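Asks: One file: coords.txt (compact mmCIF, C-alpha atoms and all ligand atoms).
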```
# COMPACT_ATOMS: atom_id res chain seq x y z
CA MET R 1 152.96 100.36 38.30
CA GLU R 2 154.87 103.45 37.13
CA LEU R 3 156.60 102.81 33.82
CA PHE R 4 159.77 104.67 32.96
CA GLN R 5 160.39 106.17 29.55
CA GLU R 6 162.90 103.44 28.62
CA ASP R 7 160.25 100.78 29.11
CA PHE R 8 158.25 101.91 26.07
CA SER R 9 159.24 100.03 22.97
CA ALA R 10 157.77 101.39 19.75
CA GLU R 11 157.95 97.89 18.25
CA LYS R 12 155.69 96.37 20.85
CA ASN R 13 152.08 95.71 19.83
CA TYR R 14 149.92 96.46 22.88
CA LEU R 15 146.84 94.74 21.36
CA PRO R 16 146.66 90.94 21.78
CA TYR R 17 145.21 90.48 18.22
CA ASP R 18 143.07 92.04 15.45
CA GLY R 19 145.11 95.23 15.11
CA THR R 20 148.24 97.06 16.17
CA VAL R 21 148.78 99.80 18.76
CA ASN R 22 152.29 101.13 19.34
CA TYR R 23 153.08 103.49 22.21
CA TYR R 24 156.17 105.70 22.06
CA GLY R 25 155.82 107.47 25.43
CA LYS R 26 156.97 111.10 25.50
CA ILE R 27 158.49 112.20 22.21
CA LEU R 28 158.74 115.86 23.30
CA SER R 29 160.44 117.36 26.35
CA GLU R 30 158.36 118.88 29.14
CA GLN R 31 159.31 122.37 27.93
CA GLU R 32 158.45 121.74 24.27
CA SER R 33 155.18 120.11 25.29
CA GLU R 34 154.23 123.16 27.39
CA LYS R 35 155.14 125.50 24.52
CA PHE R 36 152.98 123.59 22.00
CA TYR R 37 150.13 123.18 24.49
CA LEU R 38 149.92 126.97 24.96
CA LYS R 39 150.29 127.77 21.27
CA LEU R 40 147.67 125.22 20.24
CA PHE R 41 145.32 126.38 23.00
CA ASN R 42 145.56 130.00 21.83
CA GLU R 43 146.07 129.76 18.08
CA ILE R 44 143.85 126.92 16.86
CA GLU R 45 140.36 127.88 15.62
CA TRP R 46 138.51 125.83 18.22
CA LYS R 47 134.76 125.24 17.77
CA ASN R 48 132.19 123.22 19.65
CA ASP R 49 131.66 120.01 17.69
CA GLU R 50 128.34 119.49 15.95
CA ALA R 51 126.80 116.06 15.59
CA ILE R 52 123.45 114.70 14.45
CA ILE R 53 122.30 112.20 17.03
CA PHE R 54 118.89 110.56 16.59
CA GLY R 55 118.07 113.23 14.00
CA LYS R 56 118.85 116.12 16.36
CA LEU R 57 121.69 118.60 16.00
CA ILE R 58 123.75 118.75 19.20
CA TYR R 59 126.89 120.63 20.26
CA THR R 60 129.58 119.02 22.40
CA LYS R 61 131.29 120.81 25.33
CA ARG R 62 134.59 119.53 24.00
CA LYS R 63 136.01 121.71 21.25
CA VAL R 64 137.40 120.48 17.95
CA ALA R 65 139.30 121.67 14.90
CA TRP R 66 140.18 120.07 11.62
CA TYR R 67 143.33 120.90 9.66
CA ALA R 68 144.83 119.33 6.52
CA ASN R 69 147.21 119.69 3.56
CA GLU R 70 144.25 120.82 1.43
CA ASN R 71 140.80 122.19 2.21
CA PHE R 72 139.43 118.63 2.30
CA GLU R 73 135.81 117.95 3.06
CA TYR R 74 135.34 115.33 5.72
CA THR R 75 132.22 113.65 7.08
CA TYR R 76 132.26 113.01 10.81
CA SER R 77 129.32 112.43 13.19
CA ASN R 78 126.96 112.87 10.22
CA ARG R 79 128.18 116.41 9.47
CA THR R 80 130.36 117.49 6.58
CA LYS R 81 133.25 119.72 7.61
CA LYS R 82 135.88 121.57 5.68
CA ALA R 83 139.50 121.48 6.80
CA LEU R 84 141.66 124.56 7.41
CA LYS R 85 145.20 124.52 5.97
CA PHE R 86 147.91 123.22 8.34
CA THR R 87 149.63 125.87 10.48
CA GLU R 88 153.43 125.93 10.80
CA ASP R 89 153.25 124.28 14.25
CA LEU R 90 150.97 121.52 13.00
CA LEU R 91 153.29 120.87 10.04
CA TYR R 92 156.24 120.65 12.44
CA LEU R 93 154.37 118.15 14.64
CA LYS R 94 153.14 116.18 11.62
CA ASN R 95 156.73 115.81 10.35
CA LEU R 96 157.91 114.71 13.78
CA VAL R 97 155.12 112.12 14.06
CA GLU R 98 155.78 110.88 10.50
CA GLU R 99 159.46 110.45 11.31
CA LYS R 100 158.72 108.53 14.53
CA THR R 101 156.00 106.29 13.11
CA GLY R 102 157.33 105.76 9.58
CA GLU R 103 153.88 106.58 8.13
CA THR R 104 152.49 109.64 6.35
CA TYR R 105 149.39 111.70 7.20
CA ASN R 106 147.50 114.42 5.31
CA SER R 107 145.11 115.71 7.97
CA CYS R 108 144.66 116.23 11.69
CA LEU R 109 141.61 116.26 13.94
CA LEU R 110 142.21 118.23 17.15
CA ASN R 111 140.23 117.89 20.38
CA LEU R 112 140.25 120.22 23.37
CA TYR R 113 138.86 118.80 26.63
CA HIS R 114 138.47 121.66 29.13
CA SER R 115 138.59 119.30 32.14
CA GLY R 116 138.16 115.64 33.08
CA GLU R 117 134.39 116.08 32.88
CA GLU R 118 134.72 116.10 29.09
CA GLY R 119 135.67 112.89 27.32
CA MET R 120 134.84 110.80 24.27
CA ALA R 121 132.61 107.71 24.29
CA TYR R 122 133.61 104.35 22.77
CA HIS R 123 133.92 104.59 18.98
CA SER R 124 136.21 103.59 16.14
CA ASP R 125 137.59 105.93 13.52
CA GLY R 126 136.38 104.05 10.48
CA GLU R 127 134.72 106.87 8.55
CA LYS R 128 134.57 106.18 4.84
CA ASP R 129 136.70 109.24 3.95
CA LEU R 130 139.65 107.75 5.85
CA LYS R 131 142.11 105.57 4.01
CA GLU R 132 141.22 101.97 4.85
CA ASN R 133 143.54 100.56 7.54
CA GLY R 134 145.54 103.81 7.45
CA ALA R 135 147.57 104.61 10.56
CA ILE R 136 146.13 107.12 13.06
CA ALA R 137 148.71 108.83 15.26
CA SER R 138 147.60 110.42 18.54
CA LEU R 139 149.73 113.14 20.15
CA SER R 140 148.65 114.49 23.56
CA PHE R 141 149.29 117.77 25.41
CA GLY R 142 148.29 119.01 28.84
CA ALA R 143 146.52 116.93 31.49
CA LYS R 144 147.29 113.22 31.79
CA ARG R 145 144.24 111.14 30.84
CA LYS R 146 143.33 107.48 30.60
CA PHE R 147 142.71 106.12 27.06
CA SER R 148 141.07 102.70 26.70
CA PHE R 149 140.58 100.09 24.01
CA LYS R 150 137.81 97.47 24.07
CA HIS R 151 137.44 94.65 21.55
CA LYS R 152 134.17 94.90 19.59
CA THR R 153 133.15 91.28 20.25
CA GLY R 154 135.57 89.95 22.85
CA LYS R 155 136.15 90.92 26.48
CA GLU R 156 139.69 92.27 26.11
CA ARG R 157 140.53 95.78 27.25
CA VAL R 158 143.81 97.68 27.00
CA ASP R 159 144.40 100.91 28.93
CA PHE R 160 146.98 103.66 28.56
CA ILE R 161 147.76 106.78 30.57
CA LEU R 162 148.55 109.41 27.94
CA GLU R 163 150.93 112.06 29.23
CA THR R 164 151.81 115.44 27.76
CA GLY R 165 154.09 115.06 24.73
CA SER R 166 153.28 111.35 24.29
CA LEU R 167 152.58 109.54 21.03
CA LEU R 168 150.38 106.50 20.39
CA VAL R 169 149.64 104.93 16.99
CA MET R 170 146.71 102.75 15.90
CA LYS R 171 147.33 100.74 12.73
CA GLY R 172 146.23 97.81 10.56
CA GLU R 173 142.79 96.45 11.42
CA THR R 174 142.53 98.22 14.79
CA GLN R 175 139.53 100.39 13.79
CA LYS R 176 137.70 97.38 12.32
CA HIS R 177 137.91 95.29 15.50
CA TRP R 178 138.47 97.66 18.43
CA LEU R 179 136.69 100.62 20.02
CA HIS R 180 138.53 103.33 21.93
CA ARG R 181 137.45 106.03 24.35
CA LEU R 182 138.62 108.81 26.64
CA PRO R 183 136.70 108.14 29.87
CA PRO R 184 135.46 111.18 31.82
CA THR R 185 136.92 111.63 35.30
CA LYS R 186 136.30 113.99 38.20
CA LEU R 187 139.98 113.77 39.18
CA VAL R 188 141.31 115.91 36.31
CA LYS R 189 140.63 119.66 36.56
CA SER R 190 142.84 121.03 33.79
CA PRO R 191 142.59 120.92 29.98
CA ARG R 192 144.00 118.37 27.57
CA ILE R 193 144.61 118.79 23.85
CA ASN R 194 144.80 115.76 21.57
CA LEU R 195 145.89 115.68 17.94
CA THR R 196 145.05 112.68 15.75
CA PHE R 197 146.96 112.67 12.47
CA ARG R 198 145.08 110.73 9.81
CA SER R 199 145.02 109.94 6.10
CA ILE R 200 142.03 111.08 4.11
CA GLU R 201 141.48 109.38 0.76
CA GLU R 202 142.26 112.04 -1.86
O1 LIG Q 301 141.44 112.48 22.79
C1 LIG Q 301 141.83 111.35 22.50
O2 LIG Q 301 142.83 110.86 23.00
C2 LIG Q 301 141.08 110.51 21.50
C3 LIG Q 301 140.43 111.26 20.39
C4 LIG Q 301 139.75 110.36 19.42
O3 LIG Q 301 139.61 109.19 19.64
C5 LIG Q 301 139.24 110.90 18.16
O4 LIG Q 301 139.34 112.11 17.92
O5 LIG Q 301 138.75 110.12 17.35
FE FE Q 302 139.00 108.14 17.85
```
Any chance you could give the structure as structure tokens?

Replies:
Amino acid sequence: MELFQEDFSAEKNYLPYDGTVNYYGKILSEQESEKFYLKLFNEIEWKNDEAIIFGKLIYTKRKVAWYANENFEYTYSNRTKKALKFTEDLLYLKNLVEEKTGETYNSCLLNLYHSGEEGMAYHSDGEKDLKENGAIASLSFGAKRKFSFKHKTGKERVDFILETGSLLVMKGETQKHWLHRLPPTKLVKSPRINLTFRSIEE
């Protein structure tokens, strides 16, 4: 079923229990989304992500970047990374997302998926540097992709189609009880950029 913009209610919790996910739909116009997509694509210091998996250092095809209020250190996939200072565009988007969600954030992890062949496997964002039960706000640009939640012990699944300029928020105990992923797909040929605004414990 195609949902229209008006059908998205920010107050609705899309998870049946054990956490809260709000979906705001598109918070930016098509034109603004295209403008930010191009600027982020060209101006962010994108790097292939490094992770230690079974004791081996690997690089992902997907690119990442990490920006924050301060040059925070952050441990992610067993590697310690240092944040770059927020750019003007990222500060603008952070303010917009803070206004919409009524929460504050001090950092942003950015992901660039070159095509549908790149995705992210099921995980939760419960790293110890993150504020416990802090909200995580996800803003998407570029290609439309499916985003799925799966309960850690139950059978429930909740799927979204994240469009360019759309905002989704995960709050409360969501990371404790739910996994999320960006499934790979052969159907998408163009890039997608995702920004997750987070709160790092200072
Ligand atoms: O690209 C997405 O929509 C999800 C990214 C994500 O889950 C993460 O960076 O932790
Ligand atoms: Fe995540």

Asks: Using all atoms listed in the file, which residues of chain R come within 9 Å of ligand LIG 301 (chain Q), and what is the closest atom pair for each, with the distance in Å to one decimal? Give it as a Markdown table, sorted by chain and residue number.

Replies:
```
| residue | atom | partner | partner_atom | distance |
| --- | --- | --- | --- | --- |
| R:Val64 | CA | Q:LIG301 | O4 | 8.6 |
| R:Leu109 | CA | Q:LIG301 | O4 | 6.2 |
| R:Leu110 | CA | Q:LIG301 | O4 | 6.8 |
| R:Asn111 | CA | Q:LIG301 | O1 | 6.0 |
| R:Leu112 | CA | Q:LIG301 | O1 | 7.9 |
| R:Tyr113 | CA | Q:LIG301 | O1 | 7.8 |
| R:Gly119 | CA | Q:LIG301 | O1 | 7.3 |
| R:Met120 | CA | Q:LIG301 | C3 | 6.8 |
| R:Ala121 | CA | Q:LIG301 | O3 | 8.5 |
| R:Tyr122 | CA | Q:LIG301 | O3 | 8.3 |
| R:His123 | CA | Q:LIG301 | O3 | 7.3 |
| R:Ser124 | CA | Q:LIG301 | O5 | 7.1 |
| R:Asp125 | CA | Q:LIG301 | O5 | 5.8 |
| R:Ser138 | CA | Q:LIG301 | O2 | 6.5 |
| R:Leu139 | CA | Q:LIG301 | O2 | 7.8 |
| R:Ser140 | CA | Q:LIG301 | O2 | 6.9 |
| R:Arg145 | CA | Q:LIG301 | O2 | 8.0 |
| R:Lys146 | CA | Q:LIG301 | O2 | 8.3 |
| R:Phe147 | CA | Q:LIG301 | O2 | 6.2 |
| R:Leu162 | CA | Q:LIG301 | O2 | 7.7 |
| R:His180 | CA | Q:LIG301 | O3 | 6.4 |
| R:Arg181 | CA | Q:LIG301 | O3 | 6.1 |
| R:Leu182 | CA | Q:LIG301 | C1 | 5.8 |
| R:Arg192 | CA | Q:LIG301 | O1 | 8.0 |
| R:Ile193 | CA | Q:LIG301 | O1 | 7.1 |
| R:Asn194 | CA | Q:LIG301 | O1 | 4.9 |
| R:Leu195 | CA | Q:LIG301 | O1 | 7.3 |
| R:Thr196 | CA | Q:LIG301 | O4 | 6.1 |
```

Asks: Taking only C-alpha atoms into account, which of R:Glu173, R:Leu90, R:Lys26, R:Glu50 comes nearest Glu132 of chain R?

Replies: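 That would be R:Glu173, the residue with the smallest distance to Glu132 of chain R.
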
Asks: Which residues are near Ala10 of chain R? Cut-off 12 Å, all atoms listed in the file, ignore same chain within fewer than 6 positions. Put them as a VMD selection string.

Replies: chain R and resid 20 to 27 100 to 102 166 to 170

Asks: Give me, as a PyMOL selection string, all polymer residues having an atom no more than 12 Å from Glu88 of chain R, counting all atoms listed in the file and skipping those fewer than 5 positions away in the same chain.

Replies: chain R and resi 36+39-40+43-44+67-69+93-95

Asks: Name the closest residue to Thr80 of chain R among the candidates R:Glu99, R:Ile58, R:Asp129, R:Trp46; distances are taken between atoms, counting all atoms listed in the file.

Replies: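 Closest to Thr80 of chain R of all the choices is R:Asp129.
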
Asks: Name the closest residue to Lys131 of chain R among the candidates R:Gly172, R:Pro191, R:Pro184, R:Gly165; distances are taken between atoms, counting all atoms listed in the file.

Replies: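 Between R:Gly172, R:Pro191, R:Pro184, R:Gly165, the residue approaching Lys131 of chain R most closely is R:Gly172.
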
Asks: Return the single residue from R:Ile161, R:Val97, R:Ile52, R:Ala65 that is closest to Asn78 of chain R, with distances computed using only C-alpha atoms.

Replies: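 Nearest to Asn78 of chain R: R:Ile52.
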
Asks: Measure the distance from atom CA of Ile136 of chain R to atom CA of Arg198 of chain R in Å and round it to one decimal.

Replies: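 Atom CA of Ile136 of chain R sits 5.0 Å away from atom CA of Arg198 of chain R.
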
Asks: Any idea what's packed within 9 Å of Glu117 of chain R, counting all atoms listed in the file, ignoring anything in its chain fewer than 6 positions away? Could you give it as a PyMOL selection string?

Replies: chain R and resi 183-189

Asks: Find the residue from R:Gly126, R:Gly55, R:Pro16, R:Gly116 that sits nearest to ligand FE 302 (chain Q); use all atoms listed in the file when measuring.

Replies: R:Gly126
